[in-house]
Amino acid sequence: MSQEEKLKEFERKIESGEKIEPKDWMPENYRKQLIRMMSQHAHSEIVGMLPEGNWITRAPSLRRKLGLLAKVQDEAGHGLYLYSATETLGVDRSELIENLHNGKAKYSSIFNYPTLTWADIGLIGWLVDGAAIINQTMLAKSSYGPYSRALIRICKEENFHKKQGYEIVSKLAGGTKKQKEMVQEAFNRWWWPTLMMFGPPDKDSPNSAELMKWKVKLNSNDDLRQRFVNLTVPQAIAVDLKVPDPDLKYNEETGNWEFGEINWEEFWNVVKGNGPLNKERLKVRNDAHDRGAWVREAAEAYASKHSSLN
Ligand code: BYC
């Protein structure tokens with residue numbers, strides 16, 4: 001087939017909803033976009049373990065500790081599925097990890113904020129995993145087979161994460177005055193950064209048009225953000241928490257909860273590496289990687305011994 005025919009066949013598959021598989025021909029930019037987005041996603045899962053991991057030793061009960069431990073382990077698993085799925089595009093995982101560690105690769109802005117109280121753990125499960133579910137339920141239908149299949153499993157686990165988070169939040173919100181204040185204060189800090197997780201507004205999103213043309217993304221950043229707000233505001237009302245947005249109002253005609261202006265300057269500042277904890281997150285990842293060098297060496301020695309025996 002000529003290049004032109006290959007492109008036509010690729011576009012036909014995308015149009016008809018067939019998945020693109022690793023050995024199928026694909027435009028170079030489709031491959032590049034997927035490597036960019038999937039590796040960022042994998043890094044987010046791994047760096048995302050840090051804010052919550054911070055509370056495992058201080059969970060208020062054994063039940064909470066078990067739940068949190070399981071959740072953090074799940075995030076590690078998500079990172080591994082996603083690195084494996086990215087490798088199907090012909091890139092090596094060590095190269096991707098190197099780019100995370102030297103600060104070249106991005107990961108979700110949300111993980112550069114601190115977890116100051118136990119209530120933050122509830123908020124991450126409820127809001128951050130809640131936002132991730134909305135974004136990832138869409139990506140589970142994306143045109144690239146390995147990404148889409150990884151996300152079907154990831155979404156199932158994220159649902160458990162969201163439930164454990166919302167349960168913590170609702171317990172605290174219905175608890176003592178001090179607990180209620182603690183959870184409201186945490187809500188005030190996490191609300192706006194969570195809205196930023198969906199990415200810049202559509203008009204400032206350079207990648208969206210291409211990703212939507214190829215059905216990697218099926219909805220735009222602003223559409224998903226609105227969907228999240230519409231779902232989450234009633235959940236906040238149900239546990240008597242106040243959304244920290246004086247401009248929030250319900251529009252009867254559209255059925256949307258309209259929200260105030262997001263601080264995009266803060267968002268870009270965090271994305272560029274200047275958020276509250278960007279430097280610390282990268283340092284912790286680099287240190288952990290260095291401490292794990294002996295495990296990688298041992299695994300390589302074992303693998304090469306076995307391949308020489310075969
Ligand atoms: N943070 O053209 P745009 C989880 C970058 S983890 C940082 O709109 P796109 C969890 C963007 O990369 C869930 N950077 O981009 C884990 C681009 O820069 P480059 C993480 C951001 O790709 C542990 C530039 O801004 N989920 O659930 O069309 C515990 C322009 O943006 C962000 C994923 O990674 C951001 N928030 O859309 C708990 C989902 N937003 O690369 C929970 C997969 C934008 O051109 N990713 N940028 O230099 C996506 O769905 C899309 O990549 C995004 C951005 C919606 C994030």
# chains A, B, ... in the order shown; residues from 1 in each chain; ligands from 1

$ closest_atom_pairs --of "chain A" --to "ligand 1" --cutoff "6 Å" --atoms "only C-alpha atoms and all ligand atoms" --output "Markdown table"
| residue | atom | partner | partner_atom_place_in_ligand_line | distance |
| --- | --- | --- | --- | --- |
| A:Met37 | CA | ligand 1 | 52 (O) | 4.9 |
| A:Gln40 | CA | ligand 1 | 34 (O) | 5.6 |
| A:His41 | CA | ligand 1 | 34 (O) | 3.4 |
| A:Ser44 | CA | ligand 1 | 6 (S) | 4.7 |
| A:Glu45 | CA | ligand 1 | 16 (C) | 4.0 |
| A:Gly48 | CA | ligand 1 | 23 (C) | 3.7 |
| A:Met49 | CA | ligand 1 | 23 (C) | 5.4 |
| A:Glu75 | CA | ligand 1 | 23 (C) | 5.4 |
| A:Lys106 | CA | ligand 1 | 14 (N) | 5.7 |
| A:Tyr107 | CA | ligand 1 | 7 (C) | 5.2 |
| A:Ser108 | CA | ligand 1 | 1 (N) | 3.6 |
| A:Ser109 | CA | ligand 1 | 1 (N) | 3.7 |
| A:Val128 | CA | ligand 1 | 42 (C) | 5.5 |
| A:Asp129 | CA | ligand 1 | 42 (C) | 4.7 |
| A:Ala132 | CA | ligand 1 | 27 (O) | 4.4 |
| A:Asn135 | CA | ligand 1 | 50 (O) | 6.0 |
| A:Met196 | CA | ligand 1 | 36 (N) | 5.5 |
| A:Met197 | CA | ligand 1 | 36 (N) | 3.5 |
| A:Phe198 | CA | ligand 1 | 55 (C) | 4.7 |
| A:Gly199 | CA | ligand 1 | 40 (N) | 3.2 |
| A:Pro200 | CA | ligand 1 | 8 (O) | 5.3 |
| A:Ser205 | CA | ligand 1 | 2 (O) | 3.7 |
| A:Pro206 | CA | ligand 1 | 2 (O) | 4.1 |
| A:Asn207 | CA | ligand 1 | 2 (O) | 3.7 |
| A:Ser208 | CA | ligand 1 | 28 (O) | 4.2 |
| A:Asn221 | CA | ligand 1 | 55 (C) | 5.8 |
| A:Val271 | CA | ligand 1 | 7 (C) | 5.0 |

$ residues_around --residues "Ile20 in chain A" --least-positions-apart "5" --cutoff "7 Å" --atoms "only C-alpha atoms" --output "number ranges by chain"
A: 143-145

$ write_last_selection --atoms "C-alpha atoms" --output "CSV table (one decimal), in the first residue's frame"
chain,number,residue,atom,x,y,z
A,143,SER,CA,-9.0,4.8,19.5
A,144,TYR,CA,-5.7,3.2,20.6
A,145,GLY,CA,-6.4,-0.4,21.8

$ closest_atom_pairs --of "range 44-151 of chain A" --to "range 233-238 of chain A" --cutoff "12 Å" --atoms "only C-alpha atoms" --output "JSON lines"
{"residue": "A:Leu123", "atom": "CA", "partner": "A:Ala236", "partner_atom": "CA", "distance": 11.0}
{"residue": "A:Trp126", "atom": "CA", "partner": "A:Gln235", "partner_atom": "CA", "distance": 9.5}
{"residue": "A:Leu127", "atom": "CA", "partner": "A:Ala236", "partner_atom": "CA", "distance": 10.3}
{"residue": "A:Gly130", "atom": "CA", "partner": "A:Gln235", "partner_atom": "CA", "distance": 11.1}

$ write_last_selection --atoms "N, CA, C and O atoms" --output "compact mmCIF listing (two decimals), in the first residue's frame"
# COMPACT_ATOMS: atom_id res chain seq x y z
N LEU A 123 -10.46 14.12 50.41
CA LEU A 123 -10.65 15.02 49.26
C LEU A 123 -9.98 14.47 48.00
O LEU A 123 -10.53 14.60 46.91
N TRP A 126 -12.24 11.63 46.70
CA TRP A 126 -13.51 12.16 46.17
C TRP A 126 -13.29 13.03 44.93
O TRP A 126 -13.87 12.76 43.86
N LEU A 127 -12.45 14.07 45.07
CA LEU A 127 -12.32 15.02 43.95
C LEU A 127 -11.32 14.57 42.88
O LEU A 127 -11.64 14.55 41.69
N GLY A 130 -12.33 11.37 41.45
CA GLY A 130 -13.60 11.66 40.76
C GLY A 130 -13.34 12.33 39.41
O GLY A 130 -13.95 11.97 38.39

$ residues_around --residues "range 152-168 of chain A" --least-positions-apart "2" --cutoff "8 Å" --atoms "only C-alpha atoms" --output "list in words"
Gly67, Lys71, Asp74, His78, Ala119, Ile121, Gly122, Leu123, Ile124, Gly125, Trp126, Leu127, Asp129, Gly130, Ala132, Ile133, Gln136, Thr137, Ala140, Ser148, Arg149, Ala150, Ser170, Lys171 and Leu172 of chain A

$ closest_residue --among "A:Met138, A:Ala298, A:Leu89, A:Leu66" --to "Lys32 in chain A" --atoms "only C-alpha atoms"
A:Leu89

$ residues_around --residues "Leu34 in chain A" --least-positions-apart "6" --cutoff "12 Å" --atoms "only C-alpha atoms" --output "ChimeraX atom specification"
/A:20,22,26-28,40-42,82-83,85-91,139,142-148,207,210-211,214-217

$ write_last_selection --atoms "N, CA, C and O atoms" --output "short mmCIF file (atom, residue, chain, number, x, y, z; two decimals), in the first residue's frame"
data_model
loop_
_atom_site.label_atom_id
_atom_site.label_comp_id
_atom_site.auth_asym_id
_atom_site.auth_seq_id
_atom_site.Cartn_x
_atom_site.Cartn_y
_atom_site.Cartn_z
N ILE A 20 -7.06 0.98 16.92
CA ILE A 20 -5.74 0.91 16.29
C ILE A 20 -4.86 0.07 17.22
O ILE A 20 -4.83 0.31 18.44
N PRO A 22 -0.98 -2.00 18.13
CA PRO A 22 0.44 -1.63 18.02
C PRO A 22 1.07 -1.91 16.66
O PRO A 22 1.89 -1.14 16.20
N MET A 26 0.34 3.70 11.57
CA MET A 26 -0.27 4.91 12.14
C MET A 26 0.58 6.12 11.76
O MET A 26 1.80 5.99 11.60
N PRO A 27 -0.05 7.31 11.62
CA PRO A 27 0.74 8.50 11.33
C PRO A 27 1.73 8.77 12.47
O PRO A 27 1.41 8.49 13.63
N GLU A 28 2.88 9.29 12.13
CA GLU A 28 3.93 9.51 13.13
C GLU A 28 3.43 10.42 14.26
O GLU A 28 3.75 10.20 15.43
N GLN A 40 2.75 10.78 30.21
CA GLN A 40 2.39 11.76 31.25
C GLN A 40 1.39 11.13 32.22
O GLN A 40 1.44 11.38 33.42
N HIS A 41 0.49 10.37 31.67
CA HIS A 41 -0.52 9.73 32.50
C HIS A 41 0.15 8.72 33.46
O HIS A 41 -0.14 8.70 34.66
N ALA A 42 1.07 7.91 32.91
CA ALA A 42 1.79 6.94 33.76
C ALA A 42 2.55 7.66 34.87
O ALA A 42 2.48 7.27 36.05
N LEU A 82 0.20 1.49 32.43
CA LEU A 82 0.32 2.57 31.44
C LEU A 82 1.72 2.65 30.83
O LEU A 82 1.86 2.93 29.64
N TYR A 83 2.76 2.36 31.62
CA TYR A 83 4.10 2.30 31.02
C TYR A 83 4.15 1.16 30.00
O TYR A 83 4.71 1.30 28.91
N ALA A 85 1.64 -0.12 28.31
CA ALA A 85 0.85 0.26 27.13
C ALA A 85 1.63 1.25 26.26
O ALA A 85 1.61 1.17 25.03
N THR A 86 2.38 2.15 26.92
CA THR A 86 3.16 3.14 26.14
C THR A 86 4.29 2.45 25.38
O THR A 86 4.62 2.82 24.25
N GLU A 87 4.87 1.41 26.00
CA GLU A 87 5.97 0.70 25.33
C GLU A 87 5.52 0.01 24.03
O GLU A 87 6.34 -0.24 23.15
N THR A 88 4.22 -0.26 23.90
CA THR A 88 3.74 -0.88 22.65
C THR A 88 3.91 0.07 21.47
O THR A 88 3.77 -0.33 20.32
N LEU A 89 4.21 1.35 21.77
CA LEU A 89 4.41 2.33 20.69
C LEU A 89 5.87 2.43 20.29
O LEU A 89 6.27 3.35 19.56
N GLY A 90 6.69 1.52 20.81
CA GLY A 90 8.09 1.45 20.37
C GLY A 90 9.03 2.34 21.15
O GLY A 90 10.09 2.71 20.66
N VAL A 91 8.65 2.69 22.37
CA VAL A 91 9.52 3.53 23.18
C VAL A 91 9.92 2.74 24.42
O VAL A 91 9.18 1.86 24.86
N LEU A 139 -11.38 8.29 28.02
CA LEU A 139 -10.18 7.72 27.38
C LEU A 139 -10.28 6.20 27.22
O LEU A 139 -9.61 5.62 26.36
N SER A 142 -11.00 5.45 23.84
CA SER A 142 -10.10 6.08 22.85
C SER A 142 -9.73 5.10 21.75
O SER A 142 -9.88 3.88 21.89
N SER A 143 -9.19 5.64 20.66
CA SER A 143 -8.97 4.80 19.47
C SER A 143 -7.78 3.85 19.60
O SER A 143 -7.67 2.91 18.83
N TYR A 144 -6.86 4.10 20.55
CA TYR A 144 -5.69 3.21 20.63
C TYR A 144 -5.97 2.03 21.57
O TYR A 144 -6.19 2.22 22.78
N GLY A 145 -5.98 0.84 21.03
CA GLY A 145 -6.39 -0.37 21.77
C GLY A 145 -5.74 -0.54 23.14
O GLY A 145 -6.45 -0.64 24.15
N PRO A 146 -4.39 -0.57 23.23
CA PRO A 146 -3.76 -0.84 24.54
C PRO A 146 -4.11 0.23 25.59
O PRO A 146 -4.27 -0.09 26.77
N TYR A 147 -4.24 1.49 25.18
CA TYR A 147 -4.58 2.55 26.14
C TYR A 147 -6.01 2.35 26.62
O TYR A 147 -6.30 2.38 27.81
N SER A 148 -6.88 2.12 25.66
CA SER A 148 -8.29 1.96 25.98
C SER A 148 -8.50 0.77 26.94
O SER A 148 -9.19 0.88 27.95
N ASN A 207 -3.21 20.74 21.84
CA ASN A 207 -3.26 19.34 21.39
C ASN A 207 -4.66 18.82 21.10
O ASN A 207 -4.82 17.80 20.42
N GLU A 210 -6.09 17.89 17.34
CA GLU A 210 -5.52 16.68 16.72
C GLU A 210 -5.98 15.42 17.46
O GLU A 210 -6.37 14.43 16.85
N LEU A 211 -5.98 15.49 18.79
CA LEU A 211 -6.38 14.31 19.57
C LEU A 211 -7.85 13.97 19.34
O LEU A 211 -8.22 12.79 19.32
N TRP A 214 -8.43 12.30 15.88
CA TRP A 214 -8.06 10.88 15.86
C TRP A 214 -8.77 10.06 16.95
O TRP A 214 -8.40 8.92 17.23
N LYS A 215 -9.74 10.68 17.59
CA LYS A 215 -10.55 10.03 18.62
C LYS A 215 -9.72 9.43 19.76
O LYS A 215 -10.06 8.36 20.29
N VAL A 216 -8.62 10.10 20.06
CA VAL A 216 -7.90 9.73 21.30
C VAL A 216 -8.70 10.36 22.44
O VAL A 216 -9.06 9.70 23.40
N LYS A 217 -8.99 11.65 22.28
CA LYS A 217 -9.90 12.33 23.20
C LYS A 217 -11.26 12.42 22.49
O LYS A 217 -11.30 12.78 21.31
#

$ residues_around --residues "Glu185 in chain A" --least-positions-apart "2" --cutoff "12 Å" --atoms "only C-alpha atoms" --output "ChimeraX atom specification"
/A:115-120,123,169,172-173,178-183,187-191,241-244

$ select_by_dssp --residues "range 76-145 of chain A" --states "alpha helix (DSSP H)" --output "MDAnalysis selection string"
chainID A and resid 76:87 93:101 119:123 129:139 145

$ atom_distance --atom1 "CA of Pro51 in chain A" --atom2 "CA of Asn263 in chain A"
22.2 Å

$ closest_residue --among "A:Gly79, A:Leu195, A:Leu248, A:Lys19" --to "Asp223 in chain A" --atoms "only C-alpha atoms"
A:Leu195

$ decode --residues "range 53-68 of chain A" --atoms "N, CA and C atoms" --output "PDB file, in the first residue's frame"
ATOM      1  N   GLY A  53       0.671   8.664  50.056  1.00  0.00           N
ATOM      2  CA  GLY A  53       1.619   7.798  50.773  1.00  0.00           C
ATOM      3  C   GLY A  53       2.068   8.475  52.063  1.00  0.00           C
ATOM      4  N   ASN A  54       2.115   9.787  52.005  1.00  0.00           N
ATOM      5  CA  ASN A  54       2.476  10.634  53.143  1.00  0.00           C
ATOM      6  C   ASN A  54       1.620  10.362  54.388  1.00  0.00           C
ATOM      7  N   TRP A  55       0.397   9.823  54.196  1.00  0.00           N
ATOM      8  CA  TRP A  55      -0.520   9.631  55.324  1.00  0.00           C
ATOM      9  C   TRP A  55      -0.690   8.175  55.744  1.00  0.00           C
ATOM     10  N   ILE A  56      -0.012   7.233  55.077  1.00  0.00           N
ATOM     11  CA  ILE A  56      -0.242   5.815  55.425  1.00  0.00           C
ATOM     12  C   ILE A  56       0.111   5.549  56.897  1.00  0.00           C
ATOM     13  N   THR A  57       1.229   6.082  57.349  1.00  0.00           N
ATOM     14  CA  THR A  57       1.632   5.806  58.744  1.00  0.00           C
ATOM     15  C   THR A  57       0.786   6.574  59.755  1.00  0.00           C
ATOM     16  N   ARG A  58       0.008   7.541  59.273  1.00  0.00           N
ATOM     17  CA  ARG A  58      -0.764   8.363  60.228  1.00  0.00           C
ATOM     18  C   ARG A  58      -2.271   8.197  60.060  1.00  0.00           C
ATOM     19  N   ALA A  59      -2.696   7.158  59.323  1.00  0.00           N
ATOM     20  CA  ALA A  59      -4.138   6.945  59.142  1.00  0.00           C
ATOM     21  C   ALA A  59      -4.782   6.765  60.519  1.00  0.00           C
ATOM     22  N   PRO A  60      -6.009   7.298  60.714  1.00  0.00           N
ATOM     23  CA  PRO A  60      -6.583   7.305  62.061  1.00  0.00           C
ATOM     24  C   PRO A  60      -7.076   5.952  62.580  1.00  0.00           C
ATOM     25  N   SER A  61      -7.174   4.923  61.728  1.00  0.00           N
ATOM     26  CA  SER A  61      -7.576   3.605  62.243  1.00  0.00           C
ATOM     27  C   SER A  61      -6.992   2.538  61.312  1.00  0.00           C
ATOM     28  N   LEU A  62      -7.057   1.290  61.768  1.00  0.00           N
ATOM     29  CA  LEU A  62      -6.520   0.189  60.952  1.00  0.00           C
ATOM     30  C   LEU A  62      -7.301   0.077  59.640  1.00  0.00           C
ATOM     31  N   ARG A  63      -8.632   0.246  59.739  1.00  0.00           N
ATOM     32  CA  ARG A  63      -9.474   0.148  58.540  1.00  0.00           C
ATOM     33  C   ARG A  63      -9.071   1.209  57.508  1.00  0.00           C
ATOM     34  N   ARG A  64      -8.862   2.422  57.987  1.00  0.00           N
ATOM     35  CA  ARG A  64      -8.459   3.510  57.074  1.00  0.00           C
ATOM     36  C   ARG A  64      -7.070   3.247  56.490  1.00  0.00           C
ATOM     37  N   LYS A  65      -6.197   2.683  57.318  1.00  0.00           N
ATOM     38  CA  LYS A  65      -4.836   2.407  56.842  1.00  0.00           C
ATOM     39  C   LYS A  65      -4.875   1.362  55.715  1.00  0.00           C
ATOM     40  N   LEU A  66      -5.692   0.319  55.912  1.00  0.00           N
ATOM     41  CA  LEU A  66      -5.788  -0.738  54.892  1.00  0.00           C
ATOM     42  C   LEU A  66      -6.343  -0.178  53.576  1.00  0.00           C
ATOM     43  N   GLY A  67      -7.374   0.648  53.721  1.00  0.00           N
ATOM     44  CA  GLY A  67      -7.986   1.234  52.515  1.00  0.00           C
ATOM     45  C   GLY A  67      -6.993   2.093  51.751  1.00  0.00           C
ATOM     46  N   LEU A  68      -6.266   2.916  52.504  1.00  0.00           N
ATOM     47  CA  LEU A  68      -5.321   3.839  51.859  1.00  0.00           C
ATOM     48  C   LEU A  68      -4.149   3.075  51.229  1.00  0.00           C
TER      49      LEU A  68
END
